[in-house]
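Asker: My structure is stored as data34.pdb, with PDB, C-alpha atoms.
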ATOM      1  CA  MET Z   1       1.570  13.414  14.259
ATOM      2  CA  ALA Z   2       0.984   9.977  12.771
ATOM      3  CA  LYS Z   3       3.671   8.354  10.682
ATOM      4  CA  LEU Z   4       4.364   4.836   9.568
ATOM      5  CA  THR Z   5       5.246   3.134  12.829
ATOM      6  CA  PHE Z   6       8.209   0.971  13.699
ATOM      7  CA  GLU Z   7       5.793  -1.967  13.789
ATOM      8  CA  ASP Z   8       4.656  -1.183  10.200
ATOM      9  CA  LEU Z   9       8.248  -1.119   8.983
ATOM     10  CA  LYS Z  10       9.051  -4.395  10.738
ATOM     11  CA  GLN Z  11       6.058  -6.050   9.083
ATOM     12  CA  ILE Z  12       7.059  -4.715   5.671
ATOM     13  CA  LYS Z  13      10.525  -6.197   6.115
ATOM     14  CA  GLU Z  14       9.080  -9.566   7.104
ATOM     15  CA  LYS Z  15       6.560  -9.631   4.245
ATOM     16  CA  THR Z  16       9.140  -8.796   1.615
ATOM     17  CA  GLY Z  17      11.385 -11.544   2.947
ATOM     18  CA  GLY Z  18      14.108  -8.995   3.630
ATOM     19  CA  ALA Z  19      14.935  -8.674  -0.058
ATOM     20  CA  MET Z  20      18.051  -6.583   0.202
ATOM     21  CA  ALA Z  21      18.738  -3.857  -2.315
ATOM     22  CA  LEU Z  22      22.153  -5.473  -2.824
ATOM     23  CA  ARG Z  23      20.492  -8.570  -4.239
ATOM     24  CA  LEU Z  24      18.681  -6.468  -6.822
ATOM     25  CA  GLY Z  25      20.750  -6.516  -9.936
ATOM     26  CA  ARG Z  26      19.664  -5.109 -13.248
ATOM     27  CA  PRO Z  27      15.895  -5.582 -13.622
ATOM     28  CA  ARG Z  28      14.873  -8.469 -15.909
ATOM     29  CA  ALA Z  29      11.829  -6.571 -17.113
ATOM     30  CA  THR Z  30      10.566  -2.995 -16.937
ATOM     31  CA  VAL Z  31       6.884  -2.130 -17.218
ATOM     32  CA  THR Z  32       6.128   1.547 -17.882
ATOM     33  CA  VAL Z  33       2.656   2.953 -17.271
ATOM     34  CA  HIS Z  34       1.935   6.200 -19.154
ATOM     35  CA  LEU Z  35       0.504   8.677 -16.667
ATOM     36  CA  GLY Z  36      -0.444  11.867 -18.472
ATOM     37  CA  THR Z  37      -3.690  13.689 -17.664
ATOM     38  CA  CYS Z  38      -5.401  11.549 -20.317
ATOM     39  CA  GLY Z  39      -4.021   8.289 -18.917
ATOM     40  CA  ILE Z  40      -4.907   9.198 -15.327
ATOM     41  CA  ALA Z  41      -8.496  10.098 -16.305
ATOM     42  CA  ALA Z  42      -8.756   6.802 -18.210
ATOM     43  CA  GLY Z  43      -7.665   4.700 -15.205
ATOM     44  CA  ALA Z  44      -3.860   4.441 -15.427
ATOM     45  CA  ARG Z  45      -3.450   4.720 -11.647
ATOM     46  CA  GLU Z  46      -5.585   1.620 -11.076
ATOM     47  CA  VAL Z  47      -3.624  -0.185 -13.805
ATOM     48  CA  MET Z  48      -0.339   0.611 -12.088
ATOM     49  CA  ASN Z  49      -1.660  -0.473  -8.677
ATOM     50  CA  ALA Z  50      -2.993  -3.750 -10.117
ATOM     51  CA  LEU Z  51       0.418  -4.319 -11.701
ATOM     52  CA  MET Z  52       2.235  -3.718  -8.409
ATOM     53  CA  ALA Z  53      -0.145  -6.072  -6.591
ATOM     54  CA  GLU Z  54       0.624  -8.790  -9.187
ATOM     55  CA  ILE Z  55       4.361  -8.251  -8.805
ATOM     56  CA  ALA Z  56       3.984  -8.402  -5.010
ATOM     57  CA  ASP Z  57       1.843 -11.567  -5.176
ATOM     58  CA  SER Z  58       4.442 -13.312  -7.308
ATOM     59  CA  ASN Z  59       7.161 -11.845  -5.041
ATOM     60  CA  ARG Z  60       9.392 -10.895  -7.985
ATOM     61  CA  HIS Z  61      12.138  -8.461  -7.020
ATOM     62  CA  ASP Z  62      13.626  -8.305 -10.538
ATOM     63  CA  ILE Z  63      10.758  -6.423 -12.224
ATOM     64  CA  ARG Z  64      10.366  -2.647 -12.241
ATOM     65  CA  ALA Z  65       7.128  -0.675 -12.567
ATOM     66  CA  LEU Z  66       7.841   2.855 -13.776
ATOM     67  CA  ALA Z  67       5.751   5.872 -14.715
ATOM     68  CA  ALA Z  68       6.051   8.110 -17.767
ATOM     69  CA  GLY Z  69       4.087  10.887 -19.465
ATOM     70  CA  CYS Z  70       1.541  11.034 -22.267
ATOM     71  CA  MET Z  71       2.597   9.566 -25.626
ATOM     72  CA  GLY Z  72       0.235  11.805 -27.623
ATOM     73  CA  GLN Z  73      -2.263   9.065 -28.511
ATOM     74  CA  CYS Z  74      -4.740   9.932 -25.808
ATOM     75  CA  ALA Z  75      -7.704   8.086 -27.327
ATOM     76  CA  SER Z  76      -6.288   4.653 -26.553
ATOM     77  CA  GLU Z  77      -5.072   5.337 -23.003
ATOM     78  CA  PRO Z  78      -4.162   3.836 -20.595
ATOM     79  CA  HIS Z  79      -0.970   2.672 -22.326
ATOM     80  CA  VAL Z  80       1.599   0.328 -20.847
ATOM     81  CA  THR Z  81       5.007  -0.464 -22.343
ATOM     82  CA  VAL Z  82       6.717  -3.760 -21.512
ATOM     83  CA  GLU Z  83      10.458  -4.201 -22.023
ATOM     84  CA  ARG Z  84      11.930  -7.618 -21.305
ATOM     85  CA  GLU Z  85      15.645  -8.171 -21.174
ATOM     86  CA  GLY Z  86      16.854  -9.003 -24.676
ATOM     87  CA  SER Z  87      13.744  -7.948 -26.609
ATOM     88  CA  GLY Z  88      12.346  -4.644 -27.842
ATOM     89  CA  PRO Z  89       9.576  -2.620 -26.178
ATOM     90  CA  VAL Z  90       5.932  -3.557 -26.777
ATOM     91  CA  THR Z  91       3.202  -0.993 -26.054
ATOM     92  CA  TYR Z  92      -0.290  -2.078 -25.033
ATOM     93  CA  ARG Z  93      -3.383   0.114 -25.396
ATOM     94  CA  GLN Z  94      -6.602   0.544 -23.393
ATOM     95  CA  MET Z  95      -5.326  -1.299 -20.352
ATOM     96  CA  ASN Z  96      -7.447  -1.977 -17.279
ATOM     97  CA  PRO Z  97      -6.668  -4.002 -14.131
ATOM     98  CA  ASP Z  98      -7.815  -7.291 -15.723
ATOM     99  CA  LYS Z  99      -5.855  -6.782 -18.929
ATOM    100  CA  ILE Z 100      -2.661  -5.730 -17.128
ATOM    101  CA  ARG Z 101      -2.858  -8.914 -15.018
ATOM    102  CA  GLN Z 102      -2.987 -10.968 -18.242
ATOM    103  CA  VAL Z 103      -0.133  -8.973 -19.758
ATOM    104  CA  TYR Z 104       1.889  -9.448 -16.571
ATOM    105  CA  ARG Z 105       1.403 -13.209 -16.366
ATOM    106  CA  ARG Z 106       1.786 -13.966 -20.060
ATOM    107  CA  HIS Z 107       4.249 -11.377 -21.369
ATOM    108  CA  VAL Z 108       6.251 -10.029 -18.429
ATOM    109  CA  VAL Z 109       6.677 -13.398 -16.680
ATOM    110  CA  GLN Z 110       6.508 -15.878 -19.591
ATOM    111  CA  GLY Z 111       7.646 -13.782 -22.551
ATOM    112  CA  GLU Z 112       4.592 -14.323 -24.720
ATOM    113  CA  VAL Z 113       3.313 -11.053 -26.290
ATOM    114  CA  VAL Z 114      -0.457 -10.636 -25.803
ATOM    115  CA  SER Z 115      -1.105  -9.586 -29.391
ATOM    116  CA  ASP Z 116      -4.815  -8.778 -28.914
ATOM    117  CA  PHE Z 117      -3.932  -5.740 -26.791
ATOM    118  CA  VAL Z 118      -0.852  -4.493 -28.658
ATOM    119  CA  LEU Z 119      -0.726  -0.880 -29.899
ATOM    120  CA  ASN Z 120       2.506  -1.307 -31.829
ATOM    121  CA  LYS Z 121       5.728  -3.260 -31.740
ATOM    122  CA  ALA Z 122       8.991  -1.359 -31.988
TER
ATOM    123  CA  MET U   1     -11.559  13.298 -12.758
ATOM    124  CA  ARG U   2     -13.504  11.037 -10.421
ATOM    125  CA  GLU U   3     -11.331  11.701  -7.372
ATOM    126  CA  LEU U   4      -9.329  14.643  -6.056
ATOM    127  CA  SER U   5      -6.437  12.245  -5.511
ATOM    128  CA  LEU U   6      -6.324  11.796  -9.322
ATOM    129  CA  HIS U   7      -6.037  15.573  -9.761
ATOM    130  CA  ILE U   8      -3.212  15.523  -7.209
ATOM    131  CA  LEU U   9      -1.415  12.771  -9.155
ATOM    132  CA  ASP U  10      -1.806  14.818 -12.320
ATOM    133  CA  ILE U  11      -0.499  18.074 -10.794
ATOM    134  CA  VAL U  12       2.480  16.203  -9.293
ATOM    135  CA  GLU U  13       3.228  14.804 -12.766
ATOM    136  CA  ASN U  14       3.398  18.400 -14.050
ATOM    137  CA  GLY U  15       6.030  19.219 -11.431
ATOM    138  CA  ILE U  16       8.052  16.113 -12.300
ATOM    139  CA  LYS U  17       7.990  17.076 -15.982
ATOM    140  CA  ALA U  18       9.281  20.505 -14.921
ATOM    141  CA  GLY U  19      12.376  18.753 -13.552
ATOM    142  CA  ALA U  20      11.516  18.679  -9.835
ATOM    143  CA  ASP U  21      13.278  16.176  -7.568
ATOM    144  CA  PHE U  22      11.240  16.987  -4.455
ATOM    145  CA  LEU U  23       7.506  17.601  -4.166
ATOM    146  CA  ASP U  24       5.610  18.702  -1.097
ATOM    147  CA  ILE U  25       1.957  17.574  -1.151
ATOM    148  CA  ARG U  26      -0.453  18.846   1.497
ATOM    149  CA  VAL U  27      -4.115  18.093   2.118
ATOM    150  CA  GLN U  28      -6.001  19.919   4.866
ATOM    151  CA  GLU U  29      -9.594  19.139   5.756
ATOM    152  CA  SER U  30     -11.298  21.345   8.274
ATOM    153  CA  SER U  31     -14.842  21.095   9.590
ATOM    154  CA  ALA U  32     -14.792  24.492  11.330
ATOM    155  CA  ASP U  33     -14.640  26.432   8.042
ATOM    156  CA  ASP U  34     -15.928  23.561   5.833
ATOM    157  CA  ARG U  35     -12.909  23.584   3.490
ATOM    158  CA  LEU U  36     -10.828  20.965   1.771
ATOM    159  CA  ILE U  37      -7.590  22.495   0.535
ATOM    160  CA  PHE U  38      -4.671  20.819  -1.142
ATOM    161  CA  SER U  39      -1.410  22.118  -2.478
ATOM    162  CA  VAL U  40       1.458  20.719  -4.506
ATOM    163  CA  GLU U  41       4.770  22.552  -4.354
ATOM    164  CA  ASP U  42       7.703  21.513  -6.521
ATOM    165  CA  ASN U  43      11.286  22.635  -6.990
ATOM    166  CA  GLY U  44      11.164  22.330 -10.778
ATOM    167  CA  SER U  45      11.857  24.902 -13.444
ATOM    168  CA  GLY U  46       8.800  27.047 -12.637
ATOM    169  CA  MET U  47       6.408  28.691 -15.010
ATOM    170  CA  PRO U  48       6.810  31.865 -17.081
ATOM    171  CA  ALA U  49       4.568  34.691 -15.796
ATOM    172  CA  GLU U  50       2.438  34.805 -18.932
ATOM    173  CA  LYS U  51       1.569  31.133 -18.611
ATOM    174  CA  ALA U  52       0.712  31.500 -14.923
ATOM    175  CA  ARG U  53      -1.788  34.276 -15.827
ATOM    176  CA  ASN U  54      -3.575  32.095 -18.388
ATOM    177  CA  ILE U  55      -3.523  29.035 -16.183
ATOM    178  CA  ASP U  56      -7.077  27.836 -16.827
ATOM    179  CA  ASP U  57      -6.845  28.212 -20.608
ATOM    180  CA  PRO U  58      -6.436  24.671 -21.984
ATOM    181  CA  PHE U  59      -4.847  26.002 -25.156
ATOM    182  CA  ILE U  60      -1.870  27.436 -23.294
ATOM    183  CA  THR U  61       0.430  24.487 -22.756
ATOM    184  CA  GLY U  62       4.117  23.716 -22.700
ATOM    185  CA  ARG U  63       3.630  20.235 -24.032
ATOM    186  CA  LYS U  64       4.703  19.095 -27.464
ATOM    187  CA  THR U  65       2.842  15.801 -27.912
ATOM    188  CA  ARG U  66      -0.509  17.583 -28.383
ATOM    189  CA  ARG U  67      -1.633  21.197 -28.390
ATOM    190  CA  VAL U  68      -4.097  21.105 -25.508
ATOM    191  CA  GLY U  69      -3.136  21.038 -21.816
ATOM    192  CA  LEU U  70      -5.922  19.755 -19.631
ATOM    193  CA  GLY U  71      -4.682  19.101 -16.117
ATOM    194  CA  LEU U  72      -4.870  22.545 -14.513
ATOM    195  CA  SER U  73      -7.955  23.643 -16.440
ATOM    196  CA  LEU U  74      -9.834  20.528 -15.257
ATOM    197  CA  LEU U  75      -8.768  21.242 -11.675
ATOM    198  CA  ALA U  76      -9.737  24.942 -11.952
ATOM    199  CA  SER U  77     -13.232  24.065 -13.128
ATOM    200  CA  ALA U  78     -13.644  21.323 -10.481
ATOM    201  CA  ALA U  79     -12.688  23.777  -7.707
ATOM    202  CA  GLY U  80     -14.664  26.636  -9.257
ATOM    203  CA  ARG U  81     -17.943  24.760  -9.134
ATOM    204  CA  CYS U  82     -17.423  23.920  -5.427
ATOM    205  CA  ASP U  83     -17.202  27.510  -4.132
ATOM    206  CA  GLY U  84     -13.423  27.388  -4.449
ATOM    207  CA  GLY U  85     -10.678  27.983  -6.935
ATOM    208  CA  ILE U  86      -7.015  27.449  -7.671
ATOM    209  CA  THR U  87      -3.955  29.638  -7.351
ATOM    210  CA  VAL U  88      -0.654  29.026  -9.070
ATOM    211  CA  GLU U  89       2.433  30.744  -7.732
ATOM    212  CA  GLY U  90       5.809  30.398  -9.257
ATOM    213  CA  ARG U  91       8.633  32.071 -11.058
ATOM    214  CA  ALA U  92      10.771  30.680 -13.827
ATOM    215  CA  GLY U  93      13.605  28.776 -12.169
ATOM    216  CA  LYS U  94      12.065  28.823  -8.683
ATOM    217  CA  GLY U  95       9.515  26.005  -8.744
ATOM    218  CA  THR U  96       5.731  26.157  -8.682
ATOM    219  CA  ARG U  97       3.034  25.907  -6.029
ATOM    220  CA  VAL U  98      -0.489  24.939  -7.043
ATOM    221  CA  ARG U  99      -3.203  25.321  -4.422
ATOM    222  CA  ALA U 100      -6.818  24.235  -4.824
ATOM    223  CA  SER U 101      -9.632  25.006  -2.439
ATOM    224  CA  PHE U 102     -13.101  23.419  -2.227
ATOM    225  CA  ARG U 103     -16.129  23.758   0.030
ATOM    226  CA  ARG U 104     -15.882  20.349   1.653
ATOM    227  CA  SER U 105     -19.624  19.729   1.931
ATOM    228  CA  HIS U 106     -20.387  20.908  -1.626
ATOM    229  CA  ILE U 107     -22.546  18.389  -3.473
ATOM    230  CA  ASP U 108     -20.266  18.568  -6.544
ATOM    231  CA  ARG U 109     -17.006  18.002  -4.696
ATOM    232  CA  ALA U 110     -15.435  14.749  -5.834
ATOM    233  CA  PRO U 111     -14.249  12.523  -2.975
ATOM    234  CA  LEU U 112     -10.565  12.681  -2.114
ATOM    235  CA  GLY U 113     -10.494   9.008  -3.075
ATOM    236  CA  ASP U 114      -7.617   6.564  -2.880
ATOM    237  CA  MET U 115      -4.717   8.788  -1.885
ATOM    238  CA  ALA U 116      -2.637   5.714  -0.984
ATOM    239  CA  ALA U 117      -2.918   4.542  -4.623
ATOM    240  CA  THR U 118      -1.731   7.951  -5.836
ATOM    241  CA  LEU U 119       1.266   7.832  -3.477
ATOM    242  CA  ALA U 120       2.058   4.240  -4.508
ATOM    243  CA  VAL U 121       2.232   5.212  -8.168
ATOM    244  CA  LEU U 122       4.497   8.172  -7.386
ATOM    245  CA  ILE U 123       6.841   6.276  -5.058
ATOM    246  CA  ALA U 124       7.252   3.272  -7.384
ATOM    247  CA  GLY U 125       7.068   5.173 -10.655
ATOM    248  CA  TYR U 126       9.665   7.808  -9.791
ATOM    249  CA  PRO U 127      12.229   6.115  -7.538
ATOM    250  CA  HIS U 128      14.705   9.019  -7.863
ATOM    251  CA  ILE U 129      12.225  11.699  -6.778
ATOM    252  CA  ASP U 130      11.318  12.393  -3.153
ATOM    253  CA  PHE U 131       7.862  13.222  -1.853
ATOM    254  CA  ARG U 132       6.464  14.547   1.399
ATOM    255  CA  TYR U 133       2.766  14.013   2.008
ATOM    256  CA  THR U 134       1.042  15.802   4.861
ATOM    257  CA  HIS U 135      -2.655  15.118   5.427
ATOM    258  CA  GLY U 136      -4.400  17.027   8.181
ATOM    259  CA  VAL U 137      -7.948  16.400   9.312
ATOM    260  CA  ASN U 138      -8.849  19.067  11.857
ATOM    261  CA  GLU U 139      -6.232  18.603  14.625
ATOM    262  CA  LYS U 140      -4.953  15.186  13.458
ATOM    263  CA  GLU U 141      -2.135  14.808  10.964
ATOM    264  CA  PHE U 142      -0.435  12.087   8.916
ATOM    265  CA  VAL U 143       3.030  12.703   7.462
ATOM    266  CA  LEU U 144       4.967  10.557   5.044
ATOM    267  CA  ASP U 145       8.391  11.592   3.788
ATOM    268  CA  THR U 146      10.112   9.251   1.362
ATOM    269  CA  ARG U 147      13.523  10.573   2.465
ATOM    270  CA  ASP U 148      12.841   9.260   6.010
ATOM    271  CA  LEU U 149      11.280   6.089   4.629
ATOM    272  CA  LYS U 150      14.371   5.332   2.533
ATOM    273  CA  SER U 151      16.645   5.536   5.566
ATOM    274  CA  GLU U 152      14.234   3.636   7.852
ATOM    275  CA  LEU U 153      13.796   0.769   5.398
ATOM    276  CA  GLU U 154      17.526  -0.061   5.690
ATOM    277  CA  GLY U 155      18.496  -1.950   2.586
ATOM    278  CA  LEU U 156      15.015  -2.372   1.167
ATOM    279  CA  SER U 157      14.632  -0.421  -2.043
ATOM    280  CA  LEU U 158      11.644   1.778  -2.862
ATOM    281  CA  SER U 159      12.223   1.019  -6.539
ATOM    282  CA  ASP U 160      11.108  -2.551  -5.760
ATOM    283  CA  PRO U 161       7.343  -2.737  -6.459
ATOM    284  CA  VAL U 162       6.972  -5.510  -3.872
ATOM    285  CA  VAL U 163       8.247  -3.155  -1.153
ATOM    286  CA  VAL U 164       6.086  -0.277  -2.432
ATOM    287  CA  HIS U 165       3.016  -2.504  -2.430
ATOM    288  CA  HIS U 166       3.458  -3.342   1.255
ATOM    289  CA  VAL U 167       4.347   0.263   2.144
ATOM    290  CA  THR U 168       1.123   1.322   0.394
ATOM    291  CA  GLU U 169      -0.933  -1.083   2.464
ATOM    292  CA  SER U 170       0.296   0.540   5.679
ATOM    293  CA  ILE U 171      -0.247   4.059   4.266
ATOM    294  CA  ARG U 172      -3.795   3.022   3.355
ATOM    295  CA  ARG U 173      -4.461   1.745   6.887
ATOM    296  CA  SER U 174      -3.145   4.981   8.425
ATOM    297  CA  LEU U 175      -5.216   7.166   6.091
ATOM    298  CA  GLU U 176      -8.360   5.107   6.711
ATOM    299  CA  GLY U 177      -7.865   5.658  10.445
ATOM    300  CA  LEU U 178      -7.484   9.391   9.804
ATOM    301  CA  ALA U 179     -10.576   9.555   7.565
ATOM    302  CA  GLU U 180     -12.731   7.825  10.189
ATOM    303  CA  THR U 181     -12.238  10.845  12.467
ATOM    304  CA  HIS U 182     -14.145  13.011   9.944
ATOM    305  CA  PRO U 183     -16.021  10.893   7.385
ATOM    306  CA  GLU U 184     -16.755  12.142   3.876
ATOM    307  CA  PRO U 185     -20.413  13.027   3.373
ATOM    308  CA  PRO U 186     -22.299  10.652   1.041
ATOM    309  CA  MET U 187     -22.309  12.372  -2.340
ATOM    310  CA  GLU U 188     -22.967   9.957  -5.149
ATOM    311  CA  GLY U 189     -25.314  11.095  -7.898
ATOM    312  CA  PRO U 190     -28.491   9.219  -8.820
ATOM    313  CA  ASP U 191     -26.543   6.854 -11.079
ATOM    314  CA  GLY U 192     -23.835   6.295  -8.492
ATOM    315  CA  GLN U 193     -21.240   7.982 -10.729
ATOM    316  CA  ALA U 194     -19.318  11.125  -9.944
ATOM    317  CA  ASP U 195     -18.609  13.307 -12.976
ATOM    318  CA  LEU U 196     -15.240  13.772 -14.692
TER
END
Write out the structure in this file as structure tokens.
Answerer:
Amino acid sequence: MAKLTFEDLKQIKEKTGGAMALRLGRPRATVTVHLGTCGIAAGAREVMNALMAEIADSNRHDIRALAAGCMGQCASEPHVTVEREGSGPVTYRQMNPDKIRQVYRRHVVQGEVVSDFVLNKA
Amino acid sequence: MRELSLHILDIVENGIKAGADFLDIRVQESSADDRLIFSVEDNGSGMPAEKARNIDDPFITGRKTRRVGLGLSLLASAAGRCDGGITVEGRAGKGTRVRASFRRSHIDRAPLGDMAATLAVLIAGYPHIDFRYTHGVNEKEFVLDTRDLKSELEGLSLSDPVVVHHVTESIRRSLEGLAETHPEPPMEGPDGQADL
């Protein structure tokens, strides 16, 4: 039976710089990817994986990537909702790996809403 | 759906919406009887008997955001055209088990695809839910249980996407090693696109 090996776990700890859970306070930003049947068929899984790769590349331990269900507007999936500390949620439509990378760098990290991709602002 | 791993993600989402906090995902590929079978079992609220009988009818759905439920009917038709089918077992309050069976060498069978990406989304997206993934290819088996992973990672949190990203990379390496023991047959259509 194959499992993740001790060596794998050691490498993961080294790569993440031993970021201890204790150091993780309240997240500074939460990014929610909507993963209903419609979103999944439209590519939401790839969007979420691209987002996690960006977060890992920038080594930010204060950002959360969460999943949620369908919002009922299936035609403009995949949707992603960004909530930064201190400002209201912004939902983006028709995301793909390239667009989520832009949204991550400009909105999640720098706080500048990428208005071209916005579905609505709460 | 282009990949079976996307169907799996979708069926797991159903279980999570039904209030499950543990999901058991199994994939078994066998060359002796040429089958690919997967199952998703959850401990959620289960399904009323009438709904379970009409499982492949897209207009029977528990959802409220729109009046059509697509996930299980898409899976039923995908399995049905590959000499297989789906079964849904469950009772209200007792959880649900969805099982899908395919002839592995069938020309219309979508590839299993990026199962590591599906697991990454589940582990990061639902940090309070536990998953066990068992993937057997003939005699070989890969098992991942997030309950073990959480204790083995000592202090690292699976709600941290950076940790999940690196965990995913090692899952992907393990699954690639497993897949090499029994490669998928080439099955792209003339335009290189699998169907939905």
Asker: Find the nearest atom pair between each residue of chain U and chain Z for residues within 7 Å, count all atoms listed in the file, give distances in Å to one decimal, sort rows by chain and ascending number, and present the table as a tab-separated table.
Answerer:
residue	atom	partner	partner_atom	distance
U:Met1	CA	Z:Ala41	CA	5.7
U:Leu6	CA	Z:Ile40	CA	6.7
U:Asp10	CA	Z:Thr37	CA	5.8
U:Thr65	CA	Z:Gly72	CA	4.8
U:Arg66	CA	Z:Gly72	CA	5.9
U:Leu70	CA	Z:Thr37	CA	6.8
U:Gly71	CA	Z:Thr37	CA	5.7
U:Ala117	CA	Z:Asn49	CA	6.6
U:Thr118	CA	Z:Arg45	CA	6.9
U:Val121	CA	Z:Met48	CA	6.6
U:Ala124	CA	Z:Leu66	CA	6.4
U:Gly125	CA	Z:Leu66	CA	4.0
U:Tyr126	CA	Z:Ala67	CA	6.6
U:Lys140	CA	Z:Met1	CA	6.8
U:Glu141	CA	Z:Met1	CA	5.2
U:Phe142	CA	Z:Ala2	CA	4.6
U:Val143	CA	Z:Lys3	CA	5.4
U:Leu144	CA	Z:Lys3	CA	6.2
U:Leu153	CA	Z:Leu9	CA	6.9
U:Gly155	CA	Z:Met20	CA	5.2
U:Leu156	CA	Z:Met20	CA	5.3
U:Ser157	CA	Z:Ala21	CA	5.4
U:Asp160	CA	Z:His61	CA	6.1
U:Pro161	CA	Z:Met52	CA	5.6
U:Val162	CA	Z:Ala56	CA	4.3
U:Val163	CA	Z:Thr16	CA	6.3
U:His165	CA	Z:Met52	CA	6.2
U:His166	CA	Z:Ile12	CA	5.9
U:Val167	CA	Z:Ile12	CA	6.7
U:Ser170	CA	Z:Asp8	CA	6.5
Asker: Work out how far atom CA of Z:Glu14 is from atom CA of U:Arg173, in Å to one decimal.
Answerer: 17.6 Å
Asker: What is the atom CA of U:Val164-atom CA of U:Leu119 distance in Å, reported with one decimal?
Answerer: 9.5 Å
Asker: Could you check how far atom CA of U:Arg103 sits from atom CA of U:Arg91, in Å to one decimal?
Answerer: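 So the answer is 28.4 Å.
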Asker: Starting from the PyMOL selection byres ((chain U and resi 82) around 7), expand the selection into actual residues of this file and give them as a PDB file with C-alpha atoms, in the coordinates of the input.
Answerer:
ATOM      1  CA  ALA U  78     -13.644  21.323 -10.481  1.00  0.00           C
ATOM      2  CA  ALA U  79     -12.688  23.777  -7.707  1.00  0.00           C
ATOM      3  CA  GLY U  80     -14.664  26.636  -9.257  1.00  0.00           C
ATOM      4  CA  ARG U  81     -17.943  24.760  -9.134  1.00  0.00           C
ATOM      5  CA  ASP U  83     -17.202  27.510  -4.132  1.00  0.00           C
ATOM      6  CA  GLY U  84     -13.423  27.388  -4.449  1.00  0.00           C
ATOM      7  CA  PHE U 102     -13.101  23.419  -2.227  1.00  0.00           C
ATOM      8  CA  ARG U 103     -16.129  23.758   0.030  1.00  0.00           C
ATOM      9  CA  HIS U 106     -20.387  20.908  -1.626  1.00  0.00           C
ATOM     10  CA  ASP U 108     -20.266  18.568  -6.544  1.00  0.00           C
ATOM     11  CA  ARG U 109     -17.006  18.002  -4.696  1.00  0.00           C
TER      12      ARG U 109
END
Asker: May I ask which of the residues U:Thr146, U:Met115, U:Ile37, U:Gly19 is the closest one to U:Lys94, counting all atoms listed in the file?
Answerer: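 Among the listed residues, the smallest separation from U:Lys94 belongs to U:Gly19.
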Asker: Evaluate the PyMOL selection byres ((chain U and resi 22) around 10) against this structure - the residues, as a VMD selection string, please.
Answerer: chain U and resid 15 to 16 19 to 21 23 to 25 41 to 44 128 to 132 146 to 147
Asker: Listed atoms of stretch 54-65 of chain Z, axis-aligned box, 8 Å per side: centre and edge lengths to one decimal in Å, as lines of an AutoDock Vina configuration file?
Answerer:
center_x = 7.1
center_y = -7.0
center_z = -8.8
size_x = 29.0
size_y = 28.6
size_z = 23.6
Asker: On this file, the PyMOL selection byres ((chain Z and resi 102) around 12) gives some set of residues; write that set as a list in words.
Answerer: Val47, Ala50, Leu51, Glu54, Tyr92, Met95, Asn96, Pro97, Asp98, Lys99, Ile100, Arg101, Val103, Tyr104, Arg105, Arg106, His107, Val108, Val109, Gln110, Gly111, Glu112, Val113, Val114, Ser115, Asp116 and Phe117 of chain Z
Asker: Take the residues from that selection and put them in a file with C-alpha atoms, as an mmCIF file, in the coordinates of the input.
Answerer:
data_model
loop_
_atom_site.group_PDB
_atom_site.id
_atom_site.type_symbol
_atom_site.label_atom_id
_atom_site.label_comp_id
_atom_site.auth_asym_id
_atom_site.auth_seq_id
_atom_site.Cartn_x
_atom_site.Cartn_y
_atom_site.Cartn_z
ATOM 1 C CA VAL Z 47 -3.624 -0.185 -13.805
ATOM 2 C CA ALA Z 50 -2.993 -3.750 -10.117
ATOM 3 C CA LEU Z 51 0.418 -4.319 -11.701
ATOM 4 C CA GLU Z 54 0.624 -8.790 -9.187
ATOM 5 C CA TYR Z 92 -0.290 -2.078 -25.033
ATOM 6 C CA MET Z 95 -5.326 -1.299 -20.352
ATOM 7 C CA ASN Z 96 -7.447 -1.977 -17.279
ATOM 8 C CA PRO Z 97 -6.668 -4.002 -14.131
ATOM 9 C CA ASP Z 98 -7.815 -7.291 -15.723
ATOM 10 C CA LYS Z 99 -5.855 -6.782 -18.929
ATOM 11 C CA ILE Z 100 -2.661 -5.730 -17.128
ATOM 12 C CA ARG Z 101 -2.858 -8.914 -15.018
ATOM 13 C CA VAL Z 103 -0.133 -8.973 -19.758
ATOM 14 C CA TYR Z 104 1.889 -9.448 -16.571
ATOM 15 C CA ARG Z 105 1.403 -13.209 -16.366
ATOM 16 C CA ARG Z 106 1.786 -13.966 -20.060
ATOM 17 C CA HIS Z 107 4.249 -11.377 -21.369
ATOM 18 C CA VAL Z 108 6.251 -10.029 -18.429
ATOM 19 C CA VAL Z 109 6.677 -13.398 -16.680
ATOM 20 C CA GLN Z 110 6.508 -15.878 -19.591
ATOM 21 C CA GLY Z 111 7.646 -13.782 -22.551
ATOM 22 C CA GLU Z 112 4.592 -14.323 -24.720
ATOM 23 C CA VAL Z 113 3.313 -11.053 -26.290
ATOM 24 C CA VAL Z 114 -0.457 -10.636 -25.803
ATOM 25 C CA SER Z 115 -1.105 -9.586 -29.391
ATOM 26 C CA ASP Z 116 -4.815 -8.778 -28.914
ATOM 27 C CA PHE Z 117 -3.932 -5.740 -26.791
#
Asker: List as a list in words the protein and nucleic acid residues near U:Val137, meaning an atom at most 9 Å away when all atoms listed in the file are counted, but skip any in the same chain fewer than 3 places from it.
Answerer: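 Residues near the query, excluding close chain neighbours: Val27, Gln28, Glu29, Ser30, Ser31, Lys140, Glu141, Phe142, Leu178, Ala179, Thr181 and His182 of chain U.
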